[in-house]
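Here is the file work-v2.txt (compact mmCIF, C-alpha atoms).
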# COMPACT_ATOMS: atom_id res chain seq x y z
CA MET A 1 -10.87 -94.36 -12.51
CA PRO A 2 -7.86 -92.96 -10.70
CA LEU A 3 -6.97 -89.35 -11.38
CA HIS A 4 -3.62 -89.54 -13.08
CA GLY A 5 -3.75 -86.25 -15.06
CA ARG A 6 -2.19 -83.00 -13.92
CA ILE A 7 -4.30 -80.50 -12.12
CA THR A 8 -4.76 -77.61 -14.45
CA ALA A 9 -7.52 -75.71 -12.65
CA GLY A 10 -6.64 -72.28 -11.36
CA ALA A 11 -6.66 -71.24 -7.74
CA GLY A 12 -10.25 -70.03 -7.94
CA ALA A 13 -11.44 -73.36 -9.30
CA LEU A 14 -9.50 -75.19 -6.60
CA LEU A 15 -11.17 -73.20 -3.85
CA THR A 16 -14.59 -73.95 -5.40
CA LEU A 17 -13.78 -77.64 -5.52
CA LEU A 18 -12.67 -77.75 -1.88
CA SER A 19 -15.79 -75.93 -0.82
CA ALA A 20 -17.97 -78.37 -2.71
CA CYS A 21 -16.20 -81.25 -1.01
CA GLY A 22 -17.04 -79.81 2.42
CA GLY A 23 -13.68 -78.09 3.11
CA ARG A 24 -13.35 -74.52 4.44
CA PRO A 25 -12.23 -71.77 2.09
CA VAL A 26 -8.82 -70.29 2.72
CA PRO A 27 -9.33 -66.90 4.44
CA GLN A 28 -8.07 -63.88 2.49
CA PRO A 29 -6.38 -60.92 4.23
CA GLU A 30 -8.42 -57.72 4.52
CA PRO A 31 -7.14 -54.91 2.31
CA PRO A 32 -5.27 -52.25 4.30
CA GLU A 33 -7.07 -49.04 5.24
CA PRO A 34 -6.06 -46.17 3.01
CA PRO A 35 -3.93 -43.61 4.83
CA ALA A 36 -5.85 -40.68 6.24
CA VAL A 37 -5.45 -37.53 4.16
CA PRO A 38 -5.71 -34.36 6.23
CA PRO A 39 -8.08 -31.74 4.88
CA VAL A 40 -6.52 -28.80 3.10
CA VAL A 41 -6.68 -25.72 5.34
CA ALA A 42 -5.85 -22.31 3.92
CA GLU A 43 -3.44 -20.45 6.19
CA VAL A 44 -4.38 -16.89 7.01
CA GLN A 45 -1.26 -14.77 6.98
CA THR A 46 -1.57 -11.77 9.28
CA PRO A 47 0.97 -9.00 8.86
CA PRO A 48 3.54 -8.77 11.66
CA LEU A 49 3.30 -5.86 14.04
CA PRO A 50 5.85 -3.10 13.46
CA ILE A 51 8.60 -3.35 16.03
CA LEU A 52 8.92 -0.21 18.16
CA GLN A 53 11.94 -0.57 20.39
CA PRO A 54 11.58 0.79 23.96
CA GLY A 55 13.40 4.06 24.39
CA ALA A 56 13.51 4.76 20.65
CA TRP A 57 11.55 7.41 18.77
CA TYR A 58 9.82 6.79 15.45
CA ALA A 59 8.30 8.95 12.75
CA ALA A 60 5.50 7.68 10.51
CA GLU A 61 5.24 8.90 6.92
CA THR A 62 2.19 7.94 4.89
CA HIS A 63 2.45 6.41 1.42
CA ASP A 64 -0.61 8.27 0.14
CA ARG A 65 -1.33 11.98 -0.01
CA VAL A 66 -4.55 11.58 2.01
CA VAL A 67 -4.94 9.26 5.01
CA GLU A 68 -7.93 8.27 7.14
CA VAL A 69 -7.49 8.05 10.90
CA SER A 70 -9.48 5.97 13.41
CA ARG A 71 -9.89 6.32 17.15
CA GLU A 72 -9.11 2.62 17.73
CA PRO A 73 -7.46 -0.14 15.66
CA GLY A 74 -10.03 -1.41 13.16
CA GLY A 75 -12.47 1.39 13.97
CA ALA A 76 -14.34 3.64 11.59
CA PRO A 77 -12.36 6.71 10.43
CA PHE A 78 -13.10 9.93 12.28
CA TRP A 79 -10.75 12.21 10.35
CA ARG A 80 -9.32 12.41 6.85
CA PHE A 81 -6.45 14.77 6.15
CA ASP A 82 -3.82 15.86 3.66
CA THR A 83 -0.41 14.60 4.79
CA ARG A 84 1.47 17.50 3.22
CA ASN A 85 2.02 20.58 5.34
CA GLY A 86 1.47 24.10 4.09
CA PHE A 87 4.98 24.13 2.60
CA GLY A 88 4.48 21.02 0.47
CA GLN A 89 6.53 18.79 2.78
CA ARG A 90 5.39 15.29 3.71
CA ILE A 91 4.45 15.27 7.41
CA SER A 92 6.36 12.82 9.61
CA MET A 93 4.05 12.14 12.55
CA LEU A 94 5.37 10.80 15.83
CA ALA A 95 4.52 7.08 16.16
CA THR A 96 3.95 5.86 19.72
CA ALA A 97 2.52 2.30 19.58
CA ALA A 98 1.51 -0.64 17.37
CA ARG A 99 -1.43 -3.01 17.88
CA ALA A 100 -3.46 -5.62 15.97
CA ASP A 101 -7.23 -5.36 15.60
CA LEU A 102 -9.69 -8.25 16.01
CA ASP A 103 -9.02 -9.38 12.43
CA GLY A 104 -5.28 -9.53 13.01
CA GLU A 105 -4.50 -6.44 10.94
CA SER A 106 -1.69 -4.22 12.22
CA TRP A 107 -2.21 -0.56 13.15
CA VAL A 108 0.09 2.24 14.28
CA ARG A 109 -0.82 4.98 16.75
CA VAL A 110 0.36 8.42 15.70
CA VAL A 111 0.26 11.89 17.21
CA LEU A 112 -1.81 14.05 14.88
CA PRO A 113 -0.82 17.69 14.34
CA LEU A 114 -4.08 18.92 15.87
CA GLY A 115 -4.70 21.16 18.86
CA VAL A 116 -2.30 22.46 21.47
CA HIS A 117 -1.00 19.02 22.48
CA GLY A 118 -1.85 17.03 19.38
CA ARG A 119 -4.37 14.20 19.24
CA PRO A 120 -3.75 10.44 19.07
CA GLY A 121 -5.14 8.40 16.20
CA TRP A 122 -4.65 4.99 14.56
CA VAL A 123 -3.73 4.32 10.94
CA PRO A 124 -3.26 0.95 9.17
CA ALA A 125 0.38 -0.11 9.41
CA ASP A 126 0.59 -0.85 5.68
CA GLU A 127 -0.26 2.78 4.92
CA VAL A 128 2.77 4.25 6.70
CA ARG A 129 6.53 3.86 6.66
CA LEU A 130 8.26 3.97 10.05
CA GLU A 131 11.71 5.49 10.49
CA GLU A 132 13.64 5.81 13.71
CA ARG A 133 14.51 9.38 14.62
CA HIS A 134 17.95 9.77 16.16
CA HIS A 135 17.70 13.49 16.91
CA ARG A 136 15.86 14.82 19.95
CA ILE A 137 15.25 18.30 21.32
CA VAL A 138 14.41 19.05 24.96
CA VAL A 139 13.37 22.58 25.93
CA ASP A 140 13.50 23.36 29.66
CA LEU A 141 11.35 26.43 30.36
CA SER A 142 12.60 27.00 33.89
CA GLU A 143 16.23 26.93 32.75
CA ARG A 144 15.38 28.56 29.41
CA THR A 145 17.60 26.16 27.55
CA LEU A 146 17.33 23.98 24.46
CA ARG A 147 19.28 20.71 24.54
CA TRP A 148 19.86 18.92 21.26
CA THR A 149 21.03 15.31 21.20
CA LYS A 150 21.68 12.69 18.52
CA ASN A 151 21.75 8.97 19.35
CA GLY A 152 21.65 9.98 23.00
CA GLU A 153 24.84 12.03 22.72
CA PRO A 154 24.80 15.81 23.27
CA VAL A 155 25.14 17.94 20.15
CA ALA A 156 24.55 21.43 21.59
CA THR A 157 22.87 23.36 24.39
CA TYR A 158 21.50 26.83 23.67
CA ARG A 159 20.17 29.61 25.85
CA VAL A 160 16.73 30.53 24.43
CA ALA A 161 13.84 32.93 24.75
CA ILE A 162 10.43 31.46 25.65
CA GLY A 163 6.80 32.56 25.84
CA ALA A 164 5.82 35.53 27.96
CA PRO A 165 3.71 34.88 31.09
CA ALA A 166 0.57 36.03 29.24
CA THR A 167 1.39 33.86 26.19
CA PRO A 168 3.31 30.87 27.58
CA THR A 169 5.05 28.16 25.62
CA PRO A 170 2.95 24.97 25.93
CA THR A 171 4.53 21.95 27.57
CA GLY A 172 4.29 18.41 26.22
CA THR A 173 5.76 16.08 23.62
CA PHE A 174 5.62 17.44 20.09
CA TYR A 175 7.53 16.94 16.85
CA VAL A 176 8.97 18.93 13.97
CA TRP A 177 6.07 19.48 11.56
CA ALA A 178 7.79 21.76 9.01
CA ARG A 179 11.21 23.10 8.06
CA VAL A 180 10.78 26.69 6.89
CA PRO A 181 13.54 28.82 5.35
CA GLN A 182 13.16 32.57 5.79
CA ASP A 183 13.75 35.36 3.30
CA SER A 184 15.42 37.80 5.67
CA PRO A 185 17.71 36.99 8.63
CA SER A 186 16.44 40.15 10.32
CA GLY A 187 12.79 39.13 10.00
CA PRO A 188 10.60 37.97 12.91
CA TYR A 189 11.67 34.32 12.46
CA GLY A 190 15.34 34.89 11.72
CA VAL A 191 17.14 32.72 9.18
CA PHE A 192 15.13 29.53 9.67
CA ALA A 193 12.22 28.02 11.58
CA LEU A 194 11.23 24.55 12.74
CA GLY A 195 7.43 24.53 12.87
CA LEU A 196 6.14 22.19 15.59
CA SER A 197 3.02 20.05 15.80
CA ALA A 198 1.73 22.17 18.71
CA PHE A 199 -0.42 25.28 18.62
CA SER A 200 -0.41 28.23 20.97
CA PRO A 201 -2.97 27.87 23.79
CA ASP A 202 -3.78 31.57 23.43
CA TYR A 203 -3.75 31.72 19.63
CA PRO A 204 -5.37 28.46 18.41
CA ASP A 205 -4.62 29.25 14.76
CA GLU A 206 -0.92 29.88 15.34
CA ARG A 207 1.56 27.05 15.39
CA ILE A 208 4.47 27.05 17.84
CA ALA A 209 7.96 27.10 16.32
CA ILE A 210 11.62 27.05 17.17
CA HIS A 211 13.02 29.91 15.13
CA GLY A 212 15.95 32.24 14.82
CA THR A 213 16.30 35.83 15.92
CA ALA A 214 18.70 38.57 14.96
CA ASP A 215 18.35 40.26 18.36
CA PRO A 216 20.94 38.94 20.84
CA GLY A 217 19.01 40.65 23.62
CA ASP A 218 16.27 37.97 23.38
CA THR A 219 18.46 35.31 24.98
CA GLY A 220 17.09 33.96 28.25
CA LEU A 221 13.97 36.13 28.29
CA ALA A 222 10.27 35.23 28.47
CA ILE A 223 9.05 37.54 25.73
CA SER A 224 7.58 35.53 22.83
CA HIS A 225 4.01 34.58 21.92
CA GLY A 226 4.85 30.96 22.74
CA CYS A 227 7.66 30.22 20.31
CA ILE A 228 11.22 29.31 21.26
CA ARG A 229 13.80 31.75 19.95
CA VAL A 230 17.48 30.97 19.37
CA SER A 231 20.17 33.08 17.76
CA ASN A 232 20.48 32.98 13.99
CA ALA A 233 23.88 31.30 14.25
CA GLN A 234 22.42 28.52 16.39
CA MET A 235 19.42 28.18 14.09
CA GLU A 236 21.77 27.59 11.18
CA GLU A 237 23.04 24.53 13.06
CA LEU A 238 19.50 23.34 13.79
CA ARG A 239 18.82 23.15 10.04
CA ARG A 240 20.11 19.57 10.28
CA VAL A 241 17.15 18.45 12.40
CA PRO A 242 14.77 16.34 10.24
CA LEU A 243 10.99 16.34 10.09
CA GLY A 244 9.42 14.12 12.74
CA THR A 245 12.11 14.84 15.34
CA PRO A 246 10.55 14.67 18.83
CA VAL A 247 10.53 17.94 20.78
CA ILE A 248 9.87 17.70 24.52
CA VAL A 249 8.97 20.95 26.26
CA ARG A 250 8.93 20.82 30.05
CA ASP A 251 8.64 23.26 32.94
Can the structure in the file be given as structure tokens, please?
Amino acid sequence: MPLHGRITAGAGALLTLLSACGGRPVPQPEPPEPPAVPPVVAEVQTPPLPILQPGAWYAAETHDRVVEVSREPGGAPFWRFDTRNGFGQRISMLATAARADLDGESWVRVVLPLGVHGRPGWVPADEVRLEERHHRIVVDLSERTLRWTKNGEPVATYRVAIGAPATPTPTGTFYVWARVPQDSPSGPYGVFALGLSAFSPDYPDERIAIHGTADPGDTGLAISHGCIRVSNAQMEELRRVPLGTPVIVRD
């Protein structure tokens, strides 16, 4: 009997019928590969190194009262000290370099107020605040002068007294460790003193200072125990010098 009715079978039934009659099934396209999803990788954020510009001078002040110092970035602490000086002022140490340790953590090298010429040490960068110091003092022992500059421009030059031959003023790069008002302008330190980070080579317990004097006859002489003496009037001007100011003493 001829097939006069409409084909009502679905596509699946039609494919089955063709296969049963010896025909080939219609090939179906392969499903597309799913797009590759990259694995999630946690980014490790390392703190940026503090920027110390060449030719500039920086002071480092600690956030905490007590800080631990290492010999190398990432090393074990070798010293722990109170960052307030004997006058209750927060010490501003001279900062000389910045470096990352093997874990990528940033460290700052500071000059510690220890010994005649200080001692270098490393502290974590996140434990200090760096500030550029625009003042600088240079003491020339052979000329017996103190030159004070700000932003590279001269502020003043003073004739000073320096250490006697038996108790010389140490040479090196130091910084202002303390600002010390005095009770009497006629006292041994005049109207004011800038205590330095250096100690006397002959008196290890005595810190070197730039201080005033009421005796005008001191000017230009080598008579002190290592300190630098300026007149009281000049010392009044030097009151503006902040903590952490670099002081270079040279022959």
Item to check | A:Thr96, A:Asn85, A:Asn232, A:Gln182 ranked by distance to Leu130 (chain A), top pick (using only C-alpha atoms) | outcome: A:Thr96
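When only C-alpha atoms are used to measure the gap to His225 (chain A), the shortest distance among A:Thr213, A:Asn151, A:Ser184, A:Thr167 belongs to A:Thr167.
Minimum atom-to-atom distance to Val67 (chain A), evaluated using all atoms listed in the file, belongs to A:Trp122 out of A:Phe87, A:Phe199, A:Trp122, A:Tyr175.
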Checklist outcome for this item: In terms of all atoms listed in the file, the residue from A:Pro154, A:Gly220, A:Gly172, A:Gly86 at minimal distance from Arg119 (chain A) is A:Gly172
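Here CA of Ser200 (chain A) and CA of Thr169 (chain A) stand 7.2 Å from one another.
The shortest atom-to-atom distance to Thr157 (chain A), with all atoms listed in the file taken into account, belongs to A:Glu237 out of A:Asp183, A:Glu206, A:Asp251, A:Glu237.
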Item to check | Shell of 12 Å around Arg207 (chain A), only C-alpha atoms, local chain residues under 5 positions omitted, as a ChimeraX atom specification | outcome: /A:85-86,113-118,169-170,174-178,193-202,225-228
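Contact shell of region 138-150 of chain A at 6 Å (only C-alpha atoms; same-chain neighbours under 6 positions omitted): Ala156, Thr157, Tyr158, Arg159, Val160, Gly220, Val247, Ile248, Val249, Arg250 and Asp251 of chain A.
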With C-alpha atoms retained, write the just-selected residues as an mmCIF file, in the coordinates of the input.
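Contents of out27.cif, freshly written:
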data_model
loop_
_atom_site.group_PDB
_atom_site.id
_atom_site.type_symbol
_atom_site.label_atom_id
_atom_site.label_comp_id
_atom_site.auth_asym_id
_atom_site.auth_seq_id
_atom_site.Cartn_x
_atom_site.Cartn_y
_atom_site.Cartn_z
ATOM 1 C CA ALA A 156 24.550 21.430 21.590
ATOM 2 C CA THR A 157 22.870 23.360 24.390
ATOM 3 C CA TYR A 158 21.500 26.830 23.670
ATOM 4 C CA ARG A 159 20.170 29.610 25.850
ATOM 5 C CA VAL A 160 16.730 30.530 24.430
ATOM 6 C CA GLY A 220 17.090 33.960 28.250
ATOM 7 C CA VAL A 247 10.530 17.940 20.780
ATOM 8 C CA ILE A 248 9.870 17.700 24.520
ATOM 9 C CA VAL A 249 8.970 20.950 26.260
ATOM 10 C CA ARG A 250 8.930 20.820 30.050
ATOM 11 C CA ASP A 251 8.640 23.260 32.940
#
Checklist entry - Of the candidates A:Arg239, A:Arg71, A:Arg84, A:Arg65, which one gets nearest to Val123 (chain A) if we count all atoms listed in the file? => result A:Arg71
Checklist entry - When you draw a straight line from CA of Ala59 (chain A) to CA of Gly212 (chain A), how long is it in Å? => result 24.6 Å
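One distance worth recording is that between CA of Arg99 (chain A) and CA of Pro77 (chain A), which is 16.4 Å.
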Item to check | Nearby residues (all atoms listed in the file) at most 6 Å from Val66 (chain A), same-chain spacing under 5 positions excluded, as a list of chain:residue names | outcome: A:Phe81, A:Asp82, A:Thr83
Could you write those residues out with C-alpha atoms, as a JSON list (two decimals), in the coordinates of the input?
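Heads up, here's the output in selection.json:
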[["chain", "number", "residue", "atom", "x", "y", "z"],
["A", 81, "PHE", "CA", -6.45, 14.77, 6.15],
["A", 82, "ASP", "CA", -3.82, 15.86, 3.66],
["A", 83, "THR", "CA", -0.41, 14.60, 4.79]]
Would you mind completing region 175-189 of chain A to N, CA, C and O atoms and writing the output as a tab-separated table (two decimals), in the frame of the given file?
chain	number	residue	atom	x	y	z
A	175	TYR	N	6.54	17.34	17.84
A	175	TYR	CA	7.53	16.94	16.85
A	175	TYR	C	7.64	18.02	15.78
A	175	TYR	O	6.78	18.91	15.66
A	176	VAL	N	8.73	17.95	15.03
A	176	VAL	CA	8.97	18.93	13.97
A	176	VAL	C	8.00	18.66	12.82
A	176	VAL	O	8.05	17.61	12.18
A	177	TRP	N	7.13	19.60	12.57
A	177	TRP	CA	6.07	19.48	11.56
A	177	TRP	C	6.50	20.07	10.21
A	177	TRP	O	6.05	19.63	9.17
A	178	ALA	N	7.36	21.10	10.24
A	178	ALA	CA	7.79	21.76	9.01
A	178	ALA	C	9.18	22.35	9.19
A	178	ALA	O	9.58	22.72	10.31
A	179	ARG	N	9.91	22.43	8.10
A	179	ARG	CA	11.21	23.10	8.06
A	179	ARG	C	11.05	24.28	7.11
A	179	ARG	O	10.83	24.08	5.92
A	180	VAL	N	11.19	25.51	7.66
A	180	VAL	CA	10.78	26.69	6.89
A	180	VAL	C	11.93	27.69	6.76
A	180	VAL	O	12.26	28.40	7.71
A	181	PRO	N	12.54	27.76	5.58
A	181	PRO	CA	13.54	28.82	5.35
A	181	PRO	C	12.88	30.19	5.38
A	181	PRO	O	11.69	30.33	5.08
A	182	GLN	N	13.67	31.21	5.71
A	182	GLN	CA	13.16	32.57	5.79
A	182	GLN	C	13.89	33.47	4.79
A	182	GLN	O	15.07	33.24	4.47
A	183	ASP	N	13.18	34.48	4.32
A	183	ASP	CA	13.75	35.36	3.30
A	183	ASP	C	14.78	36.32	3.88
A	183	ASP	O	15.76	36.66	3.21
A	184	SER	N	14.55	36.78	5.10
A	184	SER	CA	15.42	37.80	5.67
A	184	SER	C	15.91	37.37	7.06
A	184	SER	O	15.08	37.06	7.93
A	185	PRO	N	17.21	37.35	7.30
A	185	PRO	CA	17.71	36.99	8.63
A	185	PRO	C	17.25	37.95	9.72
A	185	PRO	O	17.21	37.58	10.90
A	186	SER	N	16.88	39.16	9.34
A	186	SER	CA	16.44	40.15	10.32
A	186	SER	C	14.93	40.14	10.51
A	186	SER	O	14.39	40.96	11.25
A	187	GLY	N	14.23	39.22	9.86
A	187	GLY	CA	12.79	39.13	10.00
A	187	GLY	C	12.38	38.53	11.34
A	187	GLY	O	13.23	38.14	12.16
A	188	PRO	N	11.08	38.42	11.60
A	188	PRO	CA	10.60	37.97	12.91
A	188	PRO	C	10.98	36.52	13.23
A	188	PRO	O	10.97	36.14	14.41
A	189	TYR	N	11.31	35.71	12.21
A	189	TYR	CA	11.67	34.32	12.46
A	189	TYR	C	13.13	34.01	12.13
A	189	TYR	O	13.53	32.85	12.06
